[in-house]
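Asks: This is the content of entry-v1.pdb (PDB, C-alpha atoms and all ligand atoms):
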ATOM      1  CA  MET A  92     144.600 128.984  23.853
ATOM      2  CA  GLN A  93     145.691 128.490  27.474
ATOM      3  CA  PRO A  94     144.347 130.916  30.045
ATOM      4  CA  GLU A  95     147.019 132.986  31.723
ATOM      5  CA  LEU A  96     147.515 132.095  35.330
ATOM      6  CA  GLY A  97     149.599 135.117  35.939
ATOM      7  CA  ASN A  98     150.378 134.699  39.638
ATOM      8  CA  GLY A  99     153.853 133.385  39.039
ATOM      9  CA  LEU A 100     153.513 130.913  41.878
ATOM     10  CA  SER A 101     151.724 128.086  40.198
ATOM     11  CA  GLN A 102     153.780 125.540  38.404
ATOM     12  CA  ALA A 103     151.821 125.786  35.167
ATOM     13  CA  GLY A 104     152.291 122.851  32.903
ATOM     14  CA  THR A 105     153.612 120.450  35.538
ATOM     15  CA  HIS A 106     150.754 120.776  37.978
ATOM     16  CA  ASP A 107     147.028 120.988  37.486
ATOM     17  CA  PRO A 108     145.724 123.852  39.624
ATOM     18  CA  ALA A 109     142.309 122.208  39.912
ATOM     19  CA  GLU A 110     143.943 119.163  41.429
ATOM     20  CA  GLY A 111     145.847 121.325  43.866
ATOM     21  CA  SER A 112     142.731 123.085  45.061
ATOM     22  CA  LEU A 113     140.904 119.775  45.347
ATOM     23  CA  PHE A 114     143.694 118.504  47.568
ATOM     24  CA  ALA A 115     143.497 121.653  49.678
ATOM     25  CA  THR A 116     139.733 121.235  49.981
ATOM     26  CA  VAL A 117     140.031 117.611  51.046
ATOM     27  CA  ALA A 118     142.692 118.524  53.592
ATOM     28  CA  ARG A 119     140.483 121.289  54.962
ATOM     29  CA  VAL A 120     137.420 119.034  55.172
ATOM     30  CA  GLU A 121     139.501 116.385  56.906
ATOM     31  CA  ARG A 122     140.769 118.925  59.435
ATOM     32  CA  ASP A 123     137.243 120.220  60.036
ATOM     33  CA  LEU A 124     136.012 116.694  60.563
ATOM     34  CA  ASN A 125     138.734 115.886  63.071
ATOM     35  CA  GLU A 126     137.942 119.049  64.993
ATOM     36  CA  LEU A 127     134.282 118.151  64.928
ATOM     37  CA  ILE A 128     135.036 114.675  66.325
ATOM     38  CA  GLU A 129     137.134 116.267  69.079
ATOM     39  CA  ALA A 130     134.265 118.631  69.844
ATOM     40  CA  LEU A 131     131.862 115.699  70.004
ATOM     41  CA  ALA A 132     134.173 113.961  72.455
ATOM     42  CA  LEU A 133     133.963 117.055  74.662
ATOM     43  CA  LEU A 134     130.200 116.753  74.530
ATOM     44  CA  GLY A 135     130.440 113.136  75.582
ATOM     45  CA  VAL A 136     129.994 111.478  72.225
ATOM     46  CA  LYS A 137     132.635 109.046  71.025
ATOM     47  CA  ARG A 138     133.100 106.930  67.992
ATOM     48  CA  CYS A 139     133.545 103.209  67.536
ATOM     49  CA  SER A 140     136.851 102.549  65.793
ATOM     50  CA  GLN A 141     135.288  99.689  63.822
ATOM     51  CA  CYS A 142     131.854 100.731  62.522
ATOM     52  CA  ARG A 143     132.480 104.486  62.889
ATOM     53  CA  LYS A 144     129.181 105.005  64.674
ATOM     54  CA  PHE A 145     128.912 107.545  67.460
ATOM     55  CA  PHE A 146     127.869 106.636  70.989
ATOM     56  CA  ARG A 147     127.163 108.546  74.171
ATOM     57  CA  CYS A 148     129.793 108.168  76.871
ATOM     58  CA  THR A 149     127.029 108.408  79.469
ATOM     59  CA  ASP A 150     126.202 104.846  78.526
ATOM     60  CA  PRO A 151     129.271 103.019  79.890
ATOM     61  CA  GLY A 152     128.182  99.773  78.272
ATOM     62  CA  ALA A 153     128.185 101.195  74.753
ATOM     63  CA  LEU A 154     131.884 101.464  74.044
ATOM     64  CA  PHE A 155     134.660  99.263  75.337
ATOM     65  CA  ASP A 156     137.842 101.242  75.803
ATOM     66  CA  CYS A 157     141.231  99.559  75.708
ATOM     67  CA  GLY A 158     143.084 102.383  74.019
ATOM     68  CA  GLN A 159     140.875 101.704  71.036
ATOM     69  CA  LEU A 160     137.136 102.288  71.308
ATOM     70  CA  VAL A 161     134.916  99.440  70.189
ATOM     71  CA  CYS A 162     131.146  99.313  70.451
ATOM     72  CA  TYR A 163     129.378  96.306  71.896
ATOM     73  CA  GLY A 164     128.042  95.273  68.494
ATOM     74  CA  CYS A 165     131.512  95.179  66.968
ATOM     75  CA  LEU A 166     133.143  93.366  69.898
ATOM     76  CA  PRO A 167     132.818  89.732  68.790
ATOM     77  CA  ASP A 168     134.400  90.238  65.362
ATOM     78  CA  TRP A 169     136.942  92.719  66.620
ATOM     79  CA  TRP A 170     138.036  90.481  69.482
ATOM     80  CA  SER A 171     138.236  87.299  67.433
ATOM     81  CA  SER A 172     140.514  88.954  64.882
ATOM     82  CA  LEU A 173     142.562  90.945  67.390
ATOM     83  CA  SER A 174     143.107  88.265  70.003
ATOM     84  CA  THR A 175     145.010  86.052  67.589
ATOM     85  CA  ARG A 176     147.415  88.869  66.732
ATOM     86  CA  LEU A 177     148.289  89.973  70.252
ATOM     87  CA  TYR A 178     151.173  88.936  72.434
ATOM     88  CA  VAL A 179     150.044  86.813  75.354
ATOM     89  CA  ALA A 180     150.664  89.539  77.936
ATOM     90  CA  ASP A 181     148.674  92.096  75.936
ATOM     91  CA  ARG A 182     145.886  89.663  75.263
ATOM     92  CA  GLU A 183     145.567  88.744  78.921
ATOM     93  CA  ARG A 184     145.539  92.385  79.926
ATOM     94  CA  ILE A 185     142.783  93.268  77.442
ATOM     95  CA  GLU A 186     140.748  90.124  78.002
ATOM     96  CA  GLY A 187     140.799  90.779  81.758
ATOM     97  CA  LYS A 188     139.502  94.263  81.135
ATOM     98  CA  LEU A 189     136.957  92.964  78.651
ATOM     99  CA  ALA A 190     135.740  90.326  81.100
ATOM    100  CA  SER A 191     135.125  92.829  83.883
ATOM    101  CA  TRP A 192     133.492  95.291  81.473
ATOM    102  CA  LEU A 193     131.142  92.582  80.180
ATOM    103  CA  ARG A 194     130.277  91.528  83.720
ATOM    104  CA  LYS A 195     129.672  95.081  84.834
ATOM    105  CA  HIS A 196     127.654  96.335  81.882
ATOM    106  CA  HIS A 197     126.283  93.314  80.053
ATOM    107  CA  ARG A 198     125.262  90.864  82.792
ATOM    108  CA  ALA A 199     128.028  88.491  81.757
ATOM    109  CA  GLU A 200     128.587  85.446  83.926
ATOM    110  CA  VAL A 201     131.645  83.420  84.671
ATOM    111  CA  VAL A 202     131.156  79.870  83.474
ATOM    112  CA  LYS A 203     133.546  77.117  84.472
ATOM    113  CA  ALA A 204     135.293  75.492  81.602
ATOM    114  CA  THR A 205     134.795  71.776  81.253
ATOM    115  CA  ALA A 206     137.296  69.452  79.727
ATOM    116  CA  ASP A 207     134.976  66.729  78.519
ATOM    117  CA  THR A 208     131.934  68.551  77.178
ATOM    118  CA  LEU A 209     131.789  71.214  74.527
ATOM    119  CA  PRO A 210     130.524  74.512  75.846
ATOM    120  CA  ASP A 211     126.857  75.122  75.249
ATOM    121  CA  THR A 212     126.765  78.344  73.266
ATOM    122  CA  THR A 213     123.083  78.395  72.459
ATOM    123  CA  ASN A 214     122.283  80.811  75.251
ATOM    124  CA  ALA A 215     125.322  82.987  74.760
ATOM    125  CA  GLU A 216     125.160  86.234  72.882
ATOM    126  CA  PHE A 217     128.881  86.676  73.172
ATOM    127  CA  GLN A 218     131.574  84.889  75.088
ATOM    128  CA  VAL A 219     135.280  85.076  75.681
ATOM    129  CA  VAL A 220     137.605  82.547  77.183
ATOM    130  CA  VAL A 221     139.845  84.207  79.729
ATOM    131  CA  LYS A 222     142.540  83.214  82.138
ATOM    132  CA  CYS A 223     141.191  82.124  85.513
ATOM    133  CA  LEU A 224     142.009  84.878  87.979
ATOM    134  CA  GLU A 225     141.784  82.623  91.018
ATOM    135  CA  CYS A 226     144.738  80.472  89.984
ATOM    136  CA  SER A 227     146.349  82.903  87.496
ATOM    137  CA  GLY A 228     145.777  80.382  84.742
ATOM    138  CA  SER A 229     147.799  77.622  86.354
ATOM    139  CA  GLY A 230     144.774  75.453  87.159
ATOM    140  CA  LYS A 231     146.183  74.872  90.624
ATOM    141  CA  LEU A 232     145.634  76.616  93.896
ATOM    142  CA  MET A 233     148.379  77.440  96.316
ATOM    143  CA  GLU A 234     148.195  74.135  98.121
ATOM    144  CA  GLY A 235     148.646  72.372  94.801
ATOM    145  CA  GLU A 236     145.067  71.214  94.633
ATOM    146  CA  ARG A 237     143.023  71.566  91.499
ATOM    147  CA  CYS A 238     141.517  75.025  91.109
ATOM    148  CA  ARG A 239     137.793  74.705  91.742
ATOM    149  CA  PHE A 240     136.996  77.944  89.942
ATOM    150  CA  CYS A 241     138.136  76.656  86.561
ATOM    151  CA  ASN A 242     138.117  72.880  87.141
ATOM    152  CA  GLY A 243     141.882  72.932  86.897
ATOM    153  CA  LEU A 244     141.887  74.085  83.291
ATOM    154  CA  GLY A 245     143.259  77.548  83.952
ATOM    155  CA  THR A 246     140.573  79.260  81.913
ATOM    156  CA  VAL A 247     136.978  80.237  82.401
ATOM    157  CA  ARG A 248     134.387  81.481  79.951
ATOM    158  CA  ILE A 249     132.795  84.882  80.314
ATOM    159  CA  VAL A 250     129.351  84.516  78.822
ATOM    160  CA  VAL A 251     126.921  87.280  77.979
ATOM    161  CA  PRO A 252     123.467  85.687  78.030
ATOM    162  CA  LYS A 253     121.070  86.398  75.199
TER     163      LYS A 253
HETATM  164 ZN    ZN B   1     131.050  99.508  66.280
HETATM  165 ZN    ZN B   2     141.544  78.514  88.181
END
How does the structure come out when it is put into structure tokens?
Replies:
Amino acid sequence: MQPELGNGLSQAGTHDPAEGSLFATVARVERDLNELIEALALLGVKRCSQCRKFFRCTDPGALFDCGQLVCYGCLPDWWSSLSTRLYVADRERIEGKLASWLRKHHRAEVVKATADTLPDTTNAEFQVVVKCLECSGSGKLMEGERCRFCNGLGTVRIVVPK
């Protein structure tokens, strides 16, 4: 024998009330969680969009912010997958920001690119190849001479030492 629901609102037979309340519970928990994350942001704690870990904003080197927050540990994988999917203009904008963030907070150094030798990556914890700012990626300076900052290649490497 079926128990009477008796409230006239439930669609008995077509809809399982337990499922409905489960959905409501999940929705409520989700809302609570979002509010909690907003509250944490007010307290200066933000979350990496990749590994979902929380970090203190007082440590400016913990999370890289380019509209999306990414922690330092997630950067290499995140950047290598994202950079191939971006339009050139977007990539250059983000890589410029990334380069200055790495230099500011992670002792990154600008290393000249070399055409003939492969870069030595043994001492690099993380590195990105970015457009040379001195020649805007053209490899040439105003007088037409080869850019000495990037050896005329138009790119330099930003290397975070181990
Ligand atoms: Zn992360
Ligand atoms: Zn250059």
Asks: Within 10 Å of ligand ZN 1 (chain B) (counting all atoms listed in the file), which residues show up? I'd like them as an MDAnalysis selection string.
Replies: chainID A and resid 138:146 153:155 160:166 168:169
Asks: Applied to this file, what does the PyMOL selection byres (((not hetatm)) within 6 of (chain B and resi 2)) return in terms of residues, put as number ranges by chain?
Replies: A: 223, 225-226, 228, 230, 238, 240-241, 243, 245
Asks: Which residue, A:Gln159, A:Thr246, A:Thr149, A:Asn125, has the smallest gap to Glu183 in chain A when you use all atoms listed in the file?
Replies: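 That would be A:Thr246, the residue with the smallest distance to Glu183 in chain A.
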Asks: Starting from the PyMOL selection byres (((chain A and resi 194-202) around 10) and not hetatm), expand the selection into actual residues of this file and give them as a PDB file with C-alpha atoms, in the coordinates of the input.
Replies:
ATOM      1  CA  ASP A 150     126.202 104.846  78.526  1.00  0.00           C
ATOM      2  CA  PRO A 151     129.271 103.019  79.890  1.00  0.00           C
ATOM      3  CA  GLY A 152     128.182  99.773  78.272  1.00  0.00           C
ATOM      4  CA  ALA A 153     128.185 101.195  74.753  1.00  0.00           C
ATOM      5  CA  TYR A 163     129.378  96.306  71.896  1.00  0.00           C
ATOM      6  CA  LYS A 188     139.502  94.263  81.135  1.00  0.00           C
ATOM      7  CA  LEU A 189     136.957  92.964  78.651  1.00  0.00           C
ATOM      8  CA  ALA A 190     135.740  90.326  81.100  1.00  0.00           C
ATOM      9  CA  SER A 191     135.125  92.829  83.883  1.00  0.00           C
ATOM     10  CA  TRP A 192     133.492  95.291  81.473  1.00  0.00           C
ATOM     11  CA  LEU A 193     131.142  92.582  80.180  1.00  0.00           C
ATOM     12  CA  LYS A 203     133.546  77.117  84.472  1.00  0.00           C
ATOM     13  CA  ALA A 204     135.293  75.492  81.602  1.00  0.00           C
ATOM     14  CA  THR A 205     134.795  71.776  81.253  1.00  0.00           C
ATOM     15  CA  PRO A 210     130.524  74.512  75.846  1.00  0.00           C
ATOM     16  CA  ALA A 215     125.322  82.987  74.760  1.00  0.00           C
ATOM     17  CA  GLU A 216     125.160  86.234  72.882  1.00  0.00           C
ATOM     18  CA  PHE A 217     128.881  86.676  73.172  1.00  0.00           C
ATOM     19  CA  GLN A 218     131.574  84.889  75.088  1.00  0.00           C
ATOM     20  CA  VAL A 219     135.280  85.076  75.681  1.00  0.00           C
ATOM     21  CA  VAL A 220     137.605  82.547  77.183  1.00  0.00           C
ATOM     22  CA  VAL A 221     139.845  84.207  79.729  1.00  0.00           C
ATOM     23  CA  CYS A 223     141.191  82.124  85.513  1.00  0.00           C
ATOM     24  CA  PHE A 240     136.996  77.944  89.942  1.00  0.00           C
ATOM     25  CA  CYS A 241     138.136  76.656  86.561  1.00  0.00           C
ATOM     26  CA  THR A 246     140.573  79.260  81.913  1.00  0.00           C
ATOM     27  CA  VAL A 247     136.978  80.237  82.401  1.00  0.00           C
ATOM     28  CA  ARG A 248     134.387  81.481  79.951  1.00  0.00           C
ATOM     29  CA  ILE A 249     132.795  84.882  80.314  1.00  0.00           C
ATOM     30  CA  VAL A 250     129.351  84.516  78.822  1.00  0.00           C
ATOM     31  CA  VAL A 251     126.921  87.280  77.979  1.00  0.00           C
ATOM     32  CA  PRO A 252     123.467  85.687  78.030  1.00  0.00           C
ATOM     33  CA  LYS A 253     121.070  86.398  75.199  1.00  0.00           C
TER      34      LYS A 253
END
Asks: Go ahead and compute the interatomic distance for CA of Leu173 in chain A and CA of Glu129 in chain A, in Å to one decimal.
Replies: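 Rounded to one decimal, the two atoms are 26.0 Å apart.
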Asks: List as a PyMOL selection string the protein and nucleic acid residues near Leu133 in chain A, meaning an atom at most 12 Å away when only C-alpha atoms are counted, but skip any in the same chain fewer than 5 places from it.
Replies: chain A and resi 126-128+147-148
Asks: Using C-alpha atoms, can you write the selected residues to a file as a PDB file, keeping the file's coordinate frame?
Replies:
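Dumped everything to result.pdb:
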ATOM      1  CA  GLU A 126     137.942 119.049  64.993  1.00  0.00           C
ATOM      2  CA  LEU A 127     134.282 118.151  64.928  1.00  0.00           C
ATOM      3  CA  ILE A 128     135.036 114.675  66.325  1.00  0.00           C
ATOM      4  CA  ARG A 147     127.163 108.546  74.171  1.00  0.00           C
ATOM      5  CA  CYS A 148     129.793 108.168  76.871  1.00  0.00           C
TER       6      CYS A 148
END
Asks: Edge lengths and centre, in Å to one decimal, as lines of an AutoDock Vina configuration file: that's what I need for the box along x, y and z that holds all listed atoms of range 125-141 of chain A plus 6 Å on each side.
Replies:
center_x = 134.4
center_y = 109.4
center_z = 69.3
size_x = 20.7
size_y = 31.4
size_z = 24.5
Asks: Between A:Leu113, A:Met233, A:Asp123, A:Glu186, which residue has the minimum interatomic distance to Ser171 in chain A, considering all atoms listed in the file?
Replies: A:Glu186
Asks: Enter the distance from CA of Asn214 in chain A to CA of Trp170 in chain A, in Å, rounded to one decimal.
Replies: 19.4 Å
Asks: Tell me, in Å to one decimal, how far CA of Arg182 in chain A is from CA of Glu236 in chain A.
Replies: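 That distance, rounded to one decimal, is 26.8 Å.
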Asks: Restrict the output to range 117-150 of chain A and N, CA, C and O atoms, then write it as a PDB file, in the first residue's frame.
Replies:
ATOM      1  N   VAL A 117      21.133  19.240  -2.319  1.00  0.00           N
ATOM      2  CA  VAL A 117      22.367  19.493  -3.066  1.00  0.00           C
ATOM      3  C   VAL A 117      22.457  20.964  -3.472  1.00  0.00           C
ATOM      4  O   VAL A 117      23.497  21.598  -3.340  1.00  0.00           O
ATOM      5  N   ALA A 118      21.329  21.505  -3.933  1.00  0.00           N
ATOM      6  CA  ALA A 118      21.306  22.906  -4.339  1.00  0.00           C
ATOM      7  C   ALA A 118      21.623  23.816  -3.158  1.00  0.00           C
ATOM      8  O   ALA A 118      22.343  24.806  -3.299  1.00  0.00           O
ATOM      9  N   ARG A 119      21.080  23.442  -1.984  1.00  0.00           N
ATOM     10  CA  ARG A 119      21.315  24.269  -0.796  1.00  0.00           C
ATOM     11  C   ARG A 119      22.788  24.198  -0.368  1.00  0.00           C
ATOM     12  O   ARG A 119      23.405  25.204  -0.051  1.00  0.00           O
ATOM     13  N   VAL A 120      23.333  22.977  -0.392  1.00  0.00           N
ATOM     14  CA  VAL A 120      24.737  22.793  -0.006  1.00  0.00           C
ATOM     15  C   VAL A 120      25.645  23.570  -0.964  1.00  0.00           C
ATOM     16  O   VAL A 120      26.606  24.220  -0.552  1.00  0.00           O
ATOM     17  N   GLU A 121      25.294  23.512  -2.234  1.00  0.00           N
ATOM     18  CA  GLU A 121      26.086  24.211  -3.251  1.00  0.00           C
ATOM     19  C   GLU A 121      26.056  25.718  -3.005  1.00  0.00           C
ATOM     20  O   GLU A 121      27.073  26.399  -3.091  1.00  0.00           O
ATOM     21  N   ARG A 122      24.863  26.226  -2.666  1.00  0.00           N
ATOM     22  CA  ARG A 122      24.723  27.658  -2.403  1.00  0.00           C
ATOM     23  C   ARG A 122      25.533  28.038  -1.161  1.00  0.00           C
ATOM     24  O   ARG A 122      26.242  29.043  -1.146  1.00  0.00           O
ATOM     25  N   ASP A 123      25.415  27.219  -0.119  1.00  0.00           N
ATOM     26  CA  ASP A 123      26.167  27.463   1.111  1.00  0.00           C
ATOM     27  C   ASP A 123      27.666  27.519   0.833  1.00  0.00           C
ATOM     28  O   ASP A 123      28.376  28.385   1.328  1.00  0.00           O
ATOM     29  N   LEU A 124      28.110  26.578   0.015  1.00  0.00           N
ATOM     30  CA  LEU A 124      29.522  26.471  -0.297  1.00  0.00           C
ATOM     31  C   LEU A 124      30.011  27.705  -1.051  1.00  0.00           C
ATOM     32  O   LEU A 124      31.077  28.251  -0.748  1.00  0.00           O
ATOM     33  N   ASN A 125      29.206  28.156  -2.006  1.00  0.00           N
ATOM     34  CA  ASN A 125      29.582  29.348  -2.763  1.00  0.00           C
ATOM     35  C   ASN A 125      29.657  30.571  -1.861  1.00  0.00           C
ATOM     36  O   ASN A 125      30.542  31.410  -2.005  1.00  0.00           O
ATOM     37  N   GLU A 126      28.710  30.650  -0.916  1.00  0.00           N
ATOM     38  CA  GLU A 126      28.733  31.779   0.012  1.00  0.00           C
ATOM     39  C   GLU A 126      29.950  31.705   0.920  1.00  0.00           C
ATOM     40  O   GLU A 126      30.556  32.722   1.256  1.00  0.00           O
ATOM     41  N   LEU A 127      30.290  30.495   1.296  1.00  0.00           N
ATOM     42  CA  LEU A 127      31.458  30.278   2.139  1.00  0.00           C
ATOM     43  C   LEU A 127      32.735  30.710   1.407  1.00  0.00           C
ATOM     44  O   LEU A 127      33.616  31.343   1.985  1.00  0.00           O
ATOM     45  N   ILE A 128      32.821  30.359   0.109  1.00  0.00           N
ATOM     46  CA  ILE A 128      34.000  30.717  -0.681  1.00  0.00           C
ATOM     47  C   ILE A 128      34.078  32.240  -0.835  1.00  0.00           C
ATOM     48  O   ILE A 128      35.153  32.825  -0.754  1.00  0.00           O
ATOM     49  N   GLU A 129      32.908  32.878  -1.000  1.00  0.00           N
ATOM     50  CA  GLU A 129      32.897  34.344  -1.073  1.00  0.00           C
ATOM     51  C   GLU A 129      33.359  34.950   0.246  1.00  0.00           C
ATOM     52  O   GLU A 129      34.092  35.931   0.276  1.00  0.00           O
ATOM     53  N   ALA A 130      32.899  34.341   1.342  1.00  0.00           N
ATOM     54  CA  ALA A 130      33.300  34.830   2.669  1.00  0.00           C
ATOM     55  C   ALA A 130      34.802  34.672   2.867  1.00  0.00           C
ATOM     56  O   ALA A 130      35.468  35.553   3.407  1.00  0.00           O
ATOM     57  N   LEU A 131      35.334  33.554   2.400  1.00  0.00           N
ATOM     58  CA  LEU A 131      36.775  33.315   2.515  1.00  0.00           C
ATOM     59  C   LEU A 131      37.558  34.346   1.719  1.00  0.00           C
ATOM     60  O   LEU A 131      38.610  34.809   2.144  1.00  0.00           O
ATOM     61  N   ALA A 132      37.017  34.719   0.554  1.00  0.00           N
ATOM     62  CA  ALA A 132      37.683  35.727  -0.265  1.00  0.00           C
ATOM     63  C   ALA A 132      37.747  37.054   0.487  1.00  0.00           C
ATOM     64  O   ALA A 132      38.741  37.772   0.419  1.00  0.00           O
ATOM     65  N   LEU A 133      36.672  37.357   1.233  1.00  0.00           N
ATOM     66  CA  LEU A 133      36.666  38.580   2.040  1.00  0.00           C
ATOM     67  C   LEU A 133      37.743  38.522   3.114  1.00  0.00           C
ATOM     68  O   LEU A 133      38.321  39.535   3.492  1.00  0.00           O
ATOM     69  N   LEU A 134      37.993  37.345   3.605  1.00  0.00           N
ATOM     70  CA  LEU A 134      39.016  37.167   4.638  1.00  0.00           C
ATOM     71  C   LEU A 134      40.419  37.077   4.041  1.00  0.00           C
ATOM     72  O   LEU A 134      41.396  36.932   4.751  1.00  0.00           O
ATOM     73  N   GLY A 135      40.494  37.124   2.730  1.00  0.00           N
ATOM     74  CA  GLY A 135      41.803  37.090   2.094  1.00  0.00           C
ATOM     75  C   GLY A 135      42.280  35.690   1.768  1.00  0.00           C
ATOM     76  O   GLY A 135      43.471  35.435   1.704  1.00  0.00           O
ATOM     77  N   VAL A 136      41.343  34.785   1.572  1.00  0.00           N
ATOM     78  CA  VAL A 136      41.721  33.430   1.187  1.00  0.00           C
ATOM     79  C   VAL A 136      41.063  33.131  -0.160  1.00  0.00           C
ATOM     80  O   VAL A 136      39.852  33.261  -0.307  1.00  0.00           O
ATOM     81  N   LYS A 137      41.857  32.754  -1.128  1.00  0.00           N
ATOM     82  CA  LYS A 137      41.307  32.460  -2.448  1.00  0.00           C
ATOM     83  C   LYS A 137      41.731  31.084  -2.919  1.00  0.00           C
ATOM     84  O   LYS A 137      42.700  30.520  -2.431  1.00  0.00           O
ATOM     85  N   ARG A 138      40.993  30.619  -3.923  1.00  0.00           N
ATOM     86  CA  ARG A 138      41.145  29.243  -4.326  1.00  0.00           C
ATOM     87  C   ARG A 138      41.748  29.102  -5.709  1.00  0.00           C
ATOM     88  O   ARG A 138      41.391  29.839  -6.632  1.00  0.00           O
ATOM     89  N   CYS A 139      42.653  28.152  -5.848  1.00  0.00           N
ATOM     90  CA  CYS A 139      43.222  27.847  -7.152  1.00  0.00           C
ATOM     91  C   CYS A 139      42.155  27.200  -8.018  1.00  0.00           C
ATOM     92  O   CYS A 139      41.452  26.283  -7.573  1.00  0.00           O
ATOM     93  N   SER A 140      42.014  27.673  -9.244  1.00  0.00           N
ATOM     94  CA  SER A 140      40.972  27.140 -10.126  1.00  0.00           C
ATOM     95  C   SER A 140      41.315  25.735 -10.615  1.00  0.00           C
ATOM     96  O   SER A 140      40.459  25.037 -11.139  1.00  0.00           O
ATOM     97  N   GLN A 141      42.561  25.309 -10.445  1.00  0.00           N
ATOM     98  CA  GLN A 141      42.971  24.003 -10.945  1.00  0.00           C
ATOM     99  C   GLN A 141      42.899  22.916  -9.867  1.00  0.00           C
ATOM    100  O   GLN A 141      42.204  21.931 -10.017  1.00  0.00           O
ATOM    101  N   CYS A 142      43.645  23.109  -8.767  1.00  0.00           N
ATOM    102  CA  CYS A 142      43.699  22.053  -7.744  1.00  0.00           C
ATOM    103  C   CYS A 142      42.689  22.277  -6.630  1.00  0.00           C
ATOM    104  O   CYS A 142      42.553  21.439  -5.756  1.00  0.00           O
ATOM    105  N   ARG A 143      41.970  23.398  -6.663  1.00  0.00           N
ATOM    106  CA  ARG A 143      40.934  23.723  -5.697  1.00  0.00           C
ATOM    107  C   ARG A 143      41.449  23.975  -4.290  1.00  0.00           C
ATOM    108  O   ARG A 143      40.679  24.023  -3.343  1.00  0.00           O
ATOM    109  N   LYS A 144      42.758  24.133  -4.144  1.00  0.00           N
ATOM    110  CA  LYS A 144      43.294  24.428  -2.821  1.00  0.00           C
ATOM    111  C   LYS A 144      43.122  25.910  -2.523  1.00  0.00           C
ATOM    112  O   LYS A 144      43.074  26.728  -3.426  1.00  0.00           O
ATOM    113  N   PHE A 145      43.081  26.220  -1.236  1.00  0.00           N
ATOM    114  CA  PHE A 145      42.943  27.613  -0.817  1.00  0.00           C
ATOM    115  C   PHE A 145      44.306  28.199  -0.465  1.00  0.00           C
ATOM    116  O   PHE A 145      45.171  27.512   0.074  1.00  0.00           O
ATOM    117  N   PHE A 146      44.458  29.488  -0.791  1.00  0.00           N
ATOM    118  CA  PHE A 146      45.722  30.172  -0.502  1.00  0.00           C
ATOM    119  C   PHE A 146      45.429  31.550   0.074  1.00  0.00           C
ATOM    120  O   PHE A 146      44.397  32.148  -0.222  1.00  0.00           O
ATOM    121  N   ARG A 147      46.368  32.036   0.874  1.00  0.00           N
ATOM    122  CA  ARG A 147      46.231  33.382   1.424  1.00  0.00           C
ATOM    123  C   ARG A 147      46.628  34.428   0.390  1.00  0.00           C
ATOM    124  O   ARG A 147      47.669  34.306  -0.241  1.00  0.00           O
ATOM    125  N   CYS A 148      45.811  35.460   0.267  1.00  0.00           N
ATOM    126  CA  CYS A 148      46.135  36.532  -0.678  1.00  0.00           C
ATOM    127  C   CYS A 148      47.297  37.378  -0.174  1.00  0.00           C
ATOM    128  O   CYS A 148      47.884  38.131  -0.943  1.00  0.00           O
ATOM    129  N   THR A 149      47.611  37.273   1.111  1.00  0.00           N
ATOM    130  CA  THR A 149      48.729  38.052   1.646  1.00  0.00           C
ATOM    131  C   THR A 149      50.047  37.562   1.080  1.00  0.00           C
ATOM    132  O   THR A 149      51.043  38.257   1.141  1.00  0.00           O
ATOM    133  N   ASP A 150      50.046  36.357   0.531  1.00  0.00           N
ATOM    134  CA  ASP A 150      51.228  35.859  -0.147  1.00  0.00           C
ATOM    135  C   ASP A 150      51.028  36.074  -1.646  1.00  0.00           C
ATOM    136  O   ASP A 150      50.382  35.285  -2.316  1.00  0.00           O
TER     137      ASP A 150
END
